file upload_15.csv (CSV, N, CA and C atoms and all ligand atoms)
chain,number,residue,atom,x,y,z
A,1,MET,N,141.7,90.1,75.1
A,1,MET,CA,142.0,88.7,74.6
A,1,MET,C,142.2,87.8,75.7
A,2,THR,N,141.7,86.6,75.6
A,2,THR,CA,141.9,85.6,76.6
A,2,THR,C,143.2,84.9,76.5
A,3,TYR,N,143.6,84.2,77.5
A,3,TYR,CA,144.9,83.5,77.5
A,3,TYR,C,144.9,82.4,76.4
A,4,GLU,N,143.8,81.7,76.2
A,4,GLU,CA,143.8,80.6,75.2
A,4,GLU,C,143.9,81.2,73.8
A,5,ARG,N,143.3,82.3,73.6
A,5,ARG,CA,143.3,82.9,72.2
A,5,ARG,C,144.7,83.4,71.9
A,6,VAL,N,145.3,84.1,72.8
A,6,VAL,CA,146.7,84.6,72.5
A,6,VAL,C,147.6,83.4,72.3
A,7,LYS,N,147.4,82.4,73.1
A,7,LYS,CA,148.3,81.2,73.0
A,7,LYS,C,148.2,80.6,71.7
A,8,LYS,N,147.0,80.5,71.2
A,8,LYS,CA,146.8,79.9,69.9
A,8,LYS,C,147.4,80.7,68.8
A,9,SER,N,147.3,82.0,68.9
A,9,SER,CA,147.8,82.9,67.9
A,9,SER,C,149.4,82.9,67.8
A,10,ILE,N,150.1,82.5,68.9
A,10,ILE,CA,151.5,82.5,68.8
A,10,ILE,C,152.0,81.0,69.0
A,11,GLU,N,151.2,80.1,68.6
A,11,GLU,CA,151.5,78.7,68.7
A,11,GLU,C,152.8,78.3,68.0
A,12,ASN,N,153.0,78.8,66.8
A,12,ASN,CA,154.2,78.4,66.0
A,12,ASN,C,155.3,79.4,66.1
A,13,LYS,N,155.4,80.2,67.2
A,13,LYS,CA,156.5,81.0,67.5
A,13,LYS,C,157.0,80.7,68.9
A,14,PRO,N,157.9,79.6,68.9
A,14,PRO,CA,158.3,79.0,70.2
A,14,PRO,C,158.9,80.0,71.2
A,15,VAL,N,159.7,80.9,70.7
A,15,VAL,CA,160.4,81.9,71.7
A,15,VAL,C,159.3,82.8,72.3
A,16,LYS,N,158.5,83.3,71.5
A,16,LYS,CA,157.4,84.2,72.0
A,16,LYS,C,156.5,83.4,73.0
A,17,LEU,N,156.2,82.2,72.6
A,17,LEU,CA,155.3,81.3,73.4
A,17,LEU,C,155.8,81.1,74.7
A,18,ALA,N,157.1,80.7,74.8
A,18,ALA,CA,157.8,80.4,76.0
A,18,ALA,C,157.7,81.6,77.0
A,19,ARG,N,158.0,82.8,76.4
A,19,ARG,CA,157.9,84.0,77.3
A,19,ARG,C,156.5,84.3,77.7
A,20,TYR,N,155.6,84.1,76.8
A,20,TYR,CA,154.2,84.4,77.1
A,20,TYR,C,153.7,83.4,78.2
A,21,GLU,N,154.1,82.2,78.1
A,21,GLU,CA,153.8,81.2,79.1
A,21,GLU,C,154.3,81.6,80.5
A,22,LYS,N,155.6,82.0,80.5
A,22,LYS,CA,156.3,82.3,81.7
A,22,LYS,C,155.6,83.3,82.5
A,23,PHE,N,155.1,84.4,81.8
A,23,PHE,CA,154.5,85.5,82.6
A,23,PHE,C,153.0,85.5,82.7
A,24,ASN,N,152.3,84.8,81.8
A,24,ASN,CA,150.9,84.9,81.7
A,24,ASN,C,150.1,83.6,82.0
A,25,LYS,N,150.8,82.6,82.4
A,25,LYS,CA,150.1,81.3,82.6
A,25,LYS,C,149.1,81.5,83.9
A,26,PRO,N,147.9,81.1,83.8
A,26,PRO,CA,147.0,81.2,84.9
A,26,PRO,C,147.4,80.2,86.0
A,27,ARG,N,147.5,80.7,87.3
A,27,ARG,CA,147.9,79.8,88.4
A,27,ARG,C,146.7,79.1,88.9
A,28,PRO,N,146.9,77.9,89.5
A,28,PRO,CA,145.8,77.3,90.2
A,28,PRO,C,145.4,78.1,91.4
A,29,ARG,N,144.1,78.3,91.6
A,29,ARG,CA,143.6,79.2,92.7
A,29,ARG,C,143.2,78.3,93.9
A,30,LYS,N,143.4,78.8,95.1
A,30,LYS,CA,142.9,78.2,96.3
A,30,LYS,C,141.5,78.7,96.7
A,31,PHE,N,141.3,80.0,96.3
A,31,PHE,CA,140.0,80.6,96.7
A,31,PHE,C,139.7,81.6,95.6
A,32,GLY,N,138.4,82.1,95.7
A,32,GLY,CA,138.0,83.2,94.7
A,32,GLY,C,137.2,82.6,93.6
A,33,LYS,N,136.8,83.4,92.7
A,33,LYS,CA,135.9,83.1,91.6
A,33,LYS,C,136.4,81.9,90.7
A,34,ASN,N,137.7,81.9,90.5
A,34,ASN,CA,138.3,81.0,89.5
A,34,ASN,C,138.8,79.7,90.2
A,35,ALA,N,138.5,79.5,91.5
A,35,ALA,CA,139.0,78.3,92.2
A,35,ALA,C,138.3,77.0,91.8
A,36,ASN,N,137.0,77.1,91.6
A,36,ASN,CA,136.2,75.9,91.3
A,36,ASN,C,135.5,76.0,89.9
A,37,ARG,N,135.3,74.9,89.3
A,37,ARG,CA,134.4,74.9,88.1
A,37,ARG,C,133.4,73.7,88.2
A,38,CYS,N,132.3,73.9,87.4
A,38,CYS,CA,131.3,72.9,87.4
A,38,CYS,C,131.9,71.6,86.9
A,39,ARG,N,131.6,70.5,87.6
A,39,ARG,CA,132.2,69.2,87.2
A,39,ARG,C,131.6,68.6,85.9
A,40,LYS,N,130.4,69.1,85.5
A,40,LYS,CA,129.8,68.6,84.3
A,40,LYS,C,130.2,69.4,83.1
A,41,CYS,N,130.0,70.8,83.1
A,41,CYS,CA,130.3,71.6,82.0
A,41,CYS,C,131.5,72.5,82.1
A,42,GLY,N,132.0,72.6,83.3
A,42,GLY,CA,133.2,73.5,83.4
A,42,GLY,C,133.0,74.9,83.6
A,43,LYS,N,131.7,75.3,83.7
A,43,LYS,CA,131.4,76.7,84.0
A,43,LYS,C,131.9,77.2,85.3
A,44,ARG,N,132.2,78.5,85.4
A,44,ARG,CA,132.7,79.0,86.7
A,44,ARG,C,131.7,79.8,87.5
A,45,SER,N,130.6,80.1,86.8
A,45,SER,CA,129.6,81.0,87.5
A,45,SER,C,128.4,80.2,87.9
A,46,GLY,N,127.8,80.7,89.0
A,46,GLY,CA,126.5,80.1,89.5
A,46,GLY,C,126.8,78.7,90.1
A,47,LEU,N,127.9,78.6,90.8
A,47,LEU,CA,128.3,77.2,91.3
A,47,LEU,C,127.5,76.9,92.6
A,48,VAL,N,127.1,75.6,92.7
A,48,VAL,CA,126.5,75.1,93.9
A,48,VAL,C,127.6,74.3,94.6
A,49,ARG,N,128.1,74.9,95.7
A,49,ARG,CA,129.2,74.2,96.4
A,49,ARG,C,128.7,73.4,97.6
A,50,LYS,N,127.4,73.7,98.0
A,50,LYS,CA,126.8,73.0,99.1
A,50,LYS,C,126.9,71.5,99.0
A,51,TYR,N,127.2,70.8,100.1
A,51,TYR,CA,127.4,69.4,100.2
A,51,TYR,C,128.5,68.9,99.2
A,52,GLY,N,129.4,69.8,98.8
A,52,GLY,CA,130.5,69.4,97.9
A,52,GLY,C,130.0,69.0,96.5
A,53,LEU,N,128.9,69.6,96.1
A,53,LEU,CA,128.3,69.2,94.8
A,53,LEU,C,129.2,69.6,93.6
A,54,LEU,N,129.6,70.9,93.7
A,54,LEU,CA,130.3,71.5,92.6
A,54,LEU,C,129.7,71.4,91.2
A,55,TYR,N,128.4,71.6,91.2
A,55,TYR,CA,127.7,71.7,89.9
A,55,TYR,C,127.3,73.2,89.7
A,56,CYS,N,127.3,73.7,88.4
A,56,CYS,CA,126.7,75.0,88.2
A,56,CYS,C,125.2,74.9,88.3
A,57,ARG,N,124.5,76.0,88.5
A,57,ARG,CA,123.1,76.0,88.8
A,57,ARG,C,122.3,75.3,87.7
A,58,GLN,N,122.8,75.5,86.4
A,58,GLN,CA,122.0,74.9,85.3
A,58,GLN,C,122.1,73.4,85.3
A,59,CYS,N,123.4,72.9,85.5
A,59,CYS,CA,123.5,71.4,85.5
A,59,CYS,C,122.9,70.8,86.8
A,60,PHE,N,122.9,71.6,87.9
A,60,PHE,CA,122.3,71.1,89.1
A,60,PHE,C,120.8,70.8,88.9
A,61,ARG,N,120.2,71.8,88.2
A,61,ARG,CA,118.8,71.7,87.9
A,61,ARG,C,118.4,70.5,87.1
A,62,GLU,N,119.3,70.2,86.1
A,62,GLU,CA,119.1,69.0,85.2
A,62,GLU,C,119.3,67.7,86.0
A,63,ASP,N,120.3,67.7,86.9
A,63,ASP,CA,120.7,66.4,87.5
A,63,ASP,C,120.1,66.2,88.9
A,64,ALA,N,119.5,67.2,89.5
A,64,ALA,CA,119.1,67.2,90.9
A,64,ALA,C,118.3,65.9,91.3
A,65,GLU,N,117.4,65.5,90.4
A,65,GLU,CA,116.6,64.3,90.8
A,65,GLU,C,117.4,63.1,90.7
A,66,LYS,N,118.3,63.0,89.7
A,66,LYS,CA,119.2,61.8,89.6
A,66,LYS,C,120.0,61.7,90.9
A,67,LEU,N,120.4,62.9,91.5
A,67,LEU,CA,121.3,62.9,92.6
A,67,LEU,C,120.5,62.6,93.9
A,68,GLY,N,119.2,62.5,93.8
A,68,GLY,CA,118.4,62.2,95.0
A,68,GLY,C,117.7,63.4,95.7
A,69,PHE,N,117.7,64.5,95.0
A,69,PHE,CA,117.0,65.7,95.6
A,69,PHE,C,115.6,65.6,95.2
A,70,ARG,N,114.7,65.9,96.2
A,70,ARG,CA,113.3,65.9,95.8
A,70,ARG,C,112.8,67.3,95.6
A,71,LYS,N,113.2,68.2,96.4
A,71,LYS,CA,112.8,69.6,96.2
A,71,LYS,C,114.1,70.4,95.9
A,72,PHE,N,114.1,71.1,94.8
A,72,PHE,CA,115.3,71.9,94.5
A,72,PHE,C,114.9,73.3,93.9
A,73,ASN,N,113.7,73.7,93.9
A,73,ASN,CA,113.4,75.1,93.5
A,73,ASN,C,112.3,75.7,94.3
A,101,ZN,ZN,127.5,73.0,84.7

call {"tool": "encode", "arguments": {"input": "upload_15.csv", "output": "structure tokens"}}
result
Amino acid sequence: MTYERVKKSIENKPVKLARYEKFNKPRPRKFGKNANRCRKCGKRSGLVRKYGLLYCRQCFREDAEKLGFRKFN
């Protein structure tokens, strides 16, 4: 079960929620897979970090020409 799903299931149990938050809240990452997300859709996989783009590969493909790329595949 993911963090969000568990959180939702104990939303109206304040004591449990507080304890759950204390021990299971995801920390902000400085590096690693979960450090960056796509600025358009929020995906964490297939990220293009080159030139500080921070787009996932799918969104990059959609927006590449708008951003001024002429060749991108
Ligand atoms: Zn994306």

call {"tool": "residues_near_ligand", "arguments": {"input": "upload_15.csv", "ligand": "ligand ZN 101 (chain A)", "cutoff": "8 Å", "atoms": "all atoms listed in the file", "output": "ChimeraX atom specification"}}
result
/A:37-47,54-60

call {"tool": "closest_residue", "arguments": {"input": "upload_15.csv", "among": "A:Glu65, A:Lys13, A:Gly52, A:Tyr3", "to": "Pro26 (chain A)", "atoms": "only N, CA and C atoms"}}
result
A:Tyr3

call {"tool": "atom_distance", "arguments": {"input": "upload_15.csv", "atom1": "CA of Ala18 (chain A)", "atom2": "CA of Glu4 (chain A)"}}
result
14.0 Å

call {"tool": "select_by_dssp", "arguments": {"input": "upload_15.csv", "residues": "chain A", "states": "helix (DSSP H, G or I)", "output": "short mmCIF file (atom, residue, chain, number, x, y, z; two decimals) with N, CA and C atoms, keeping the file's coordinate frame"}}
result
data_model
loop_
_atom_site.label_atom_id
_atom_site.label_comp_id
_atom_site.auth_asym_id
_atom_site.auth_seq_id
_atom_site.Cartn_x
_atom_site.Cartn_y
_atom_site.Cartn_z
N TYR A 3 143.60 84.20 77.50
CA TYR A 3 144.90 83.50 77.50
C TYR A 3 144.90 82.40 76.40
N GLU A 4 143.80 81.70 76.20
CA GLU A 4 143.80 80.60 75.20
C GLU A 4 143.90 81.20 73.80
N ARG A 5 143.30 82.30 73.60
CA ARG A 5 143.30 82.90 72.20
C ARG A 5 144.70 83.40 71.90
N VAL A 6 145.30 84.10 72.80
CA VAL A 6 146.70 84.60 72.50
C VAL A 6 147.60 83.40 72.30
N LYS A 7 147.40 82.40 73.10
CA LYS A 7 148.30 81.20 73.00
C LYS A 7 148.20 80.60 71.70
N LYS A 8 147.00 80.50 71.20
CA LYS A 8 146.80 79.90 69.90
C LYS A 8 147.40 80.70 68.80
N SER A 9 147.30 82.00 68.90
CA SER A 9 147.80 82.90 67.90
C SER A 9 149.40 82.90 67.80
N PRO A 14 157.90 79.60 68.90
CA PRO A 14 158.30 79.00 70.20
C PRO A 14 158.90 80.00 71.20
N VAL A 15 159.70 80.90 70.70
CA VAL A 15 160.40 81.90 71.70
C VAL A 15 159.30 82.80 72.30
N LYS A 16 158.50 83.30 71.50
CA LYS A 16 157.40 84.20 72.00
C LYS A 16 156.50 83.40 73.00
N LEU A 17 156.20 82.20 72.60
CA LEU A 17 155.30 81.30 73.40
C LEU A 17 155.80 81.10 74.70
N ALA A 18 157.10 80.70 74.80
CA ALA A 18 157.80 80.40 76.00
C ALA A 18 157.70 81.60 77.00
N ARG A 19 158.00 82.80 76.40
CA ARG A 19 157.90 84.00 77.30
C ARG A 19 156.50 84.30 77.70
N TYR A 20 155.60 84.10 76.80
CA TYR A 20 154.20 84.40 77.10
C TYR A 20 153.70 83.40 78.20
N GLU A 21 154.10 82.20 78.10
CA GLU A 21 153.80 81.20 79.10
C GLU A 21 154.30 81.60 80.50
N LYS A 22 155.60 82.00 80.50
CA LYS A 22 156.30 82.30 81.70
C LYS A 22 155.60 83.30 82.50
N PHE A 23 155.10 84.40 81.80
CA PHE A 23 154.50 85.50 82.60
C PHE A 23 153.00 85.50 82.70
N ASN A 24 152.30 84.80 81.80
CA ASN A 24 150.90 84.90 81.70
C ASN A 24 150.10 83.60 82.00
N LYS A 50 127.40 73.70 98.00
CA LYS A 50 126.80 73.00 99.10
C LYS A 50 126.90 71.50 99.00
N TYR A 51 127.20 70.80 100.10
CA TYR A 51 127.40 69.40 100.20
C TYR A 51 128.50 68.90 99.20
N GLY A 52 129.40 69.80 98.80
CA GLY A 52 130.50 69.40 97.90
C GLY A 52 130.00 69.00 96.50
N ARG A 57 124.50 76.00 88.50
CA ARG A 57 123.10 76.00 88.80
C ARG A 57 122.30 75.30 87.70
N GLN A 58 122.80 75.50 86.40
CA GLN A 58 122.00 74.90 85.30
C GLN A 58 122.10 73.40 85.30
N CYS A 59 123.40 72.90 85.50
CA CYS A 59 123.50 71.40 85.50
C CYS A 59 122.90 70.80 86.80
N PHE A 60 122.90 71.60 87.90
CA PHE A 60 122.30 71.10 89.10
C PHE A 60 120.80 70.80 88.90
N ARG A 61 120.20 71.80 88.20
CA ARG A 61 118.80 71.70 87.90
C ARG A 61 118.40 70.50 87.10
N GLU A 62 119.30 70.20 86.10
CA GLU A 62 119.10 69.00 85.20
C GLU A 62 119.30 67.70 86.00
N ASP A 63 120.30 67.70 86.90
CA ASP A 63 120.70 66.40 87.50
C ASP A 63 120.10 66.20 88.90
N ALA A 64 119.50 67.20 89.50
CA ALA A 64 119.10 67.20 90.90
C ALA A 64 118.30 65.90 91.30
N GLU A 65 117.40 65.50 90.40
CA GLU A 65 116.60 64.30 90.80
C GLU A 65 117.40 63.10 90.70
N LYS A 66 118.30 63.00 89.70
CA LYS A 66 119.20 61.80 89.60
C LYS A 66 120.00 61.70 90.90
N LEU A 67 120.40 62.90 91.50
CA LEU A 67 121.30 62.90 92.60
C LEU A 67 120.50 62.60 93.90
#

call {"tool": "atom_distance", "arguments": {"input": "upload_15.csv", "atom1": "CA of Ala64 (chain A)", "atom2": "CA of Val48 (chain A)"}}
result
11.2 Å

call {"tool": "select_by_dssp", "arguments": {"input": "upload_15.csv", "residues": "region 11-72 of chain A", "states": "strand (DSSP E or B)", "output": "ChimeraX atom specification"}}
result
/A:47-48,55-56

call {"tool": "atom_distance", "arguments": {"input": "upload_15.csv", "atom1": "atom C of Asn36 (chain A)", "atom2": "atom N of Asn24 (chain A)"}}
result
20.6 Å

call {"tool": "decode", "arguments": {"input": "upload_15.csv", "residues": "region 9-24 of chain A", "atoms": "N, CA, C and O atoms", "output": "mmCIF file, in the first residue's frame"}}
result
data_model
loop_
_atom_site.group_PDB
_atom_site.id
_atom_site.type_symbol
_atom_site.label_atom_id
_atom_site.label_comp_id
_atom_site.auth_asym_id
_atom_site.auth_seq_id
_atom_site.Cartn_x
_atom_site.Cartn_y
_atom_site.Cartn_z
ATOM 1 N N SER A 9 -7.043 6.166 4.219
ATOM 2 C CA SER A 9 -7.848 5.193 4.962
ATOM 3 C C SER A 9 -7.910 5.496 6.457
ATOM 4 O O SER A 9 -8.820 5.041 7.140
ATOM 5 N N ILE A 10 -6.945 6.269 6.991
ATOM 6 C CA ILE A 10 -7.010 6.612 8.409
ATOM 7 C C ILE A 10 -7.201 8.112 8.623
ATOM 8 O O ILE A 10 -6.873 8.648 9.673
ATOM 9 N N GLU A 11 -7.797 8.756 7.637
ATOM 10 C CA GLU A 11 -7.999 10.207 7.678
ATOM 11 C C GLU A 11 -8.775 10.661 8.921
ATOM 12 O O GLU A 11 -8.427 11.659 9.546
ATOM 13 N N ASN A 12 -9.841 9.919 9.243
ATOM 14 C CA ASN A 12 -10.671 10.354 10.374
ATOM 15 C C ASN A 12 -10.309 9.667 11.687
ATOM 16 O O ASN A 12 -11.133 9.540 12.580
ATOM 17 N N LYS A 13 -9.060 9.223 11.799
ATOM 18 C CA LYS A 13 -8.572 8.692 13.079
ATOM 19 C C LYS A 13 -7.338 9.493 13.459
ATOM 20 O O LYS A 13 -6.206 9.086 13.176
ATOM 21 N N PRO A 14 -7.544 10.637 14.093
ATOM 22 C CA PRO A 14 -6.455 11.602 14.299
ATOM 23 C C PRO A 14 -5.239 11.053 15.033
ATOM 24 O O PRO A 14 -4.108 11.393 14.687
ATOM 25 N N VAL A 15 -5.451 10.212 16.035
ATOM 26 C CA VAL A 15 -4.307 9.699 16.795
ATOM 27 C C VAL A 15 -3.449 8.795 15.921
ATOM 28 O O VAL A 15 -2.226 8.928 15.852
ATOM 29 N N LYS A 16 -4.122 7.885 15.236
ATOM 30 C CA LYS A 16 -3.419 6.970 14.335
ATOM 31 C C LYS A 16 -2.705 7.735 13.228
ATOM 32 O O LYS A 16 -1.561 7.441 12.887
ATOM 33 N N LEU A 17 -3.409 8.728 12.679
ATOM 34 C CA LEU A 17 -2.843 9.518 11.585
ATOM 35 C C LEU A 17 -1.569 10.233 12.022
ATOM 36 O O LEU A 17 -0.565 10.226 11.313
ATOM 37 N N ALA A 18 -1.605 10.830 13.210
ATOM 38 C CA ALA A 18 -0.440 11.555 13.716
ATOM 39 C C ALA A 18 0.761 10.619 13.843
ATOM 40 O O ALA A 18 1.876 10.958 13.447
ATOM 41 N N ARG A 19 0.528 9.431 14.381
ATOM 42 C CA ARG A 19 1.614 8.456 14.524
ATOM 43 C C ARG A 19 2.120 7.994 13.165
ATOM 44 O O ARG A 19 3.323 7.863 12.945
ATOM 45 N N TYR A 20 1.169 7.757 12.269
ATOM 46 C CA TYR A 20 1.549 7.304 10.931
ATOM 47 C C TYR A 20 2.405 8.357 10.231
ATOM 48 O O TYR A 20 3.423 8.059 9.622
ATOM 49 N N GLU A 21 1.985 9.607 10.352
ATOM 50 C CA GLU A 21 2.733 10.711 9.746
ATOM 51 C C GLU A 21 4.147 10.802 10.325
ATOM 52 O O GLU A 21 5.114 10.982 9.602
ATOM 53 N N LYS A 22 4.220 10.663 11.631
ATOM 54 C CA LYS A 22 5.499 10.822 12.309
ATOM 55 C C LYS A 22 6.544 9.842 11.772
ATOM 56 O O LYS A 22 7.702 10.195 11.574
ATOM 57 N N PHE A 23 6.115 8.607 11.527
ATOM 58 C CA PHE A 23 7.095 7.594 11.165
ATOM 59 C C PHE A 23 7.169 7.283 9.676
ATOM 60 O O PHE A 23 8.136 6.708 9.215
ATOM 61 N N ASN A 24 6.137 7.628 8.912
ATOM 62 C CA ASN A 24 6.116 7.180 7.515
ATOM 63 C C ASN A 24 6.092 8.280 6.475
ATOM 64 O O ASN A 24 5.993 8.013 5.288
#
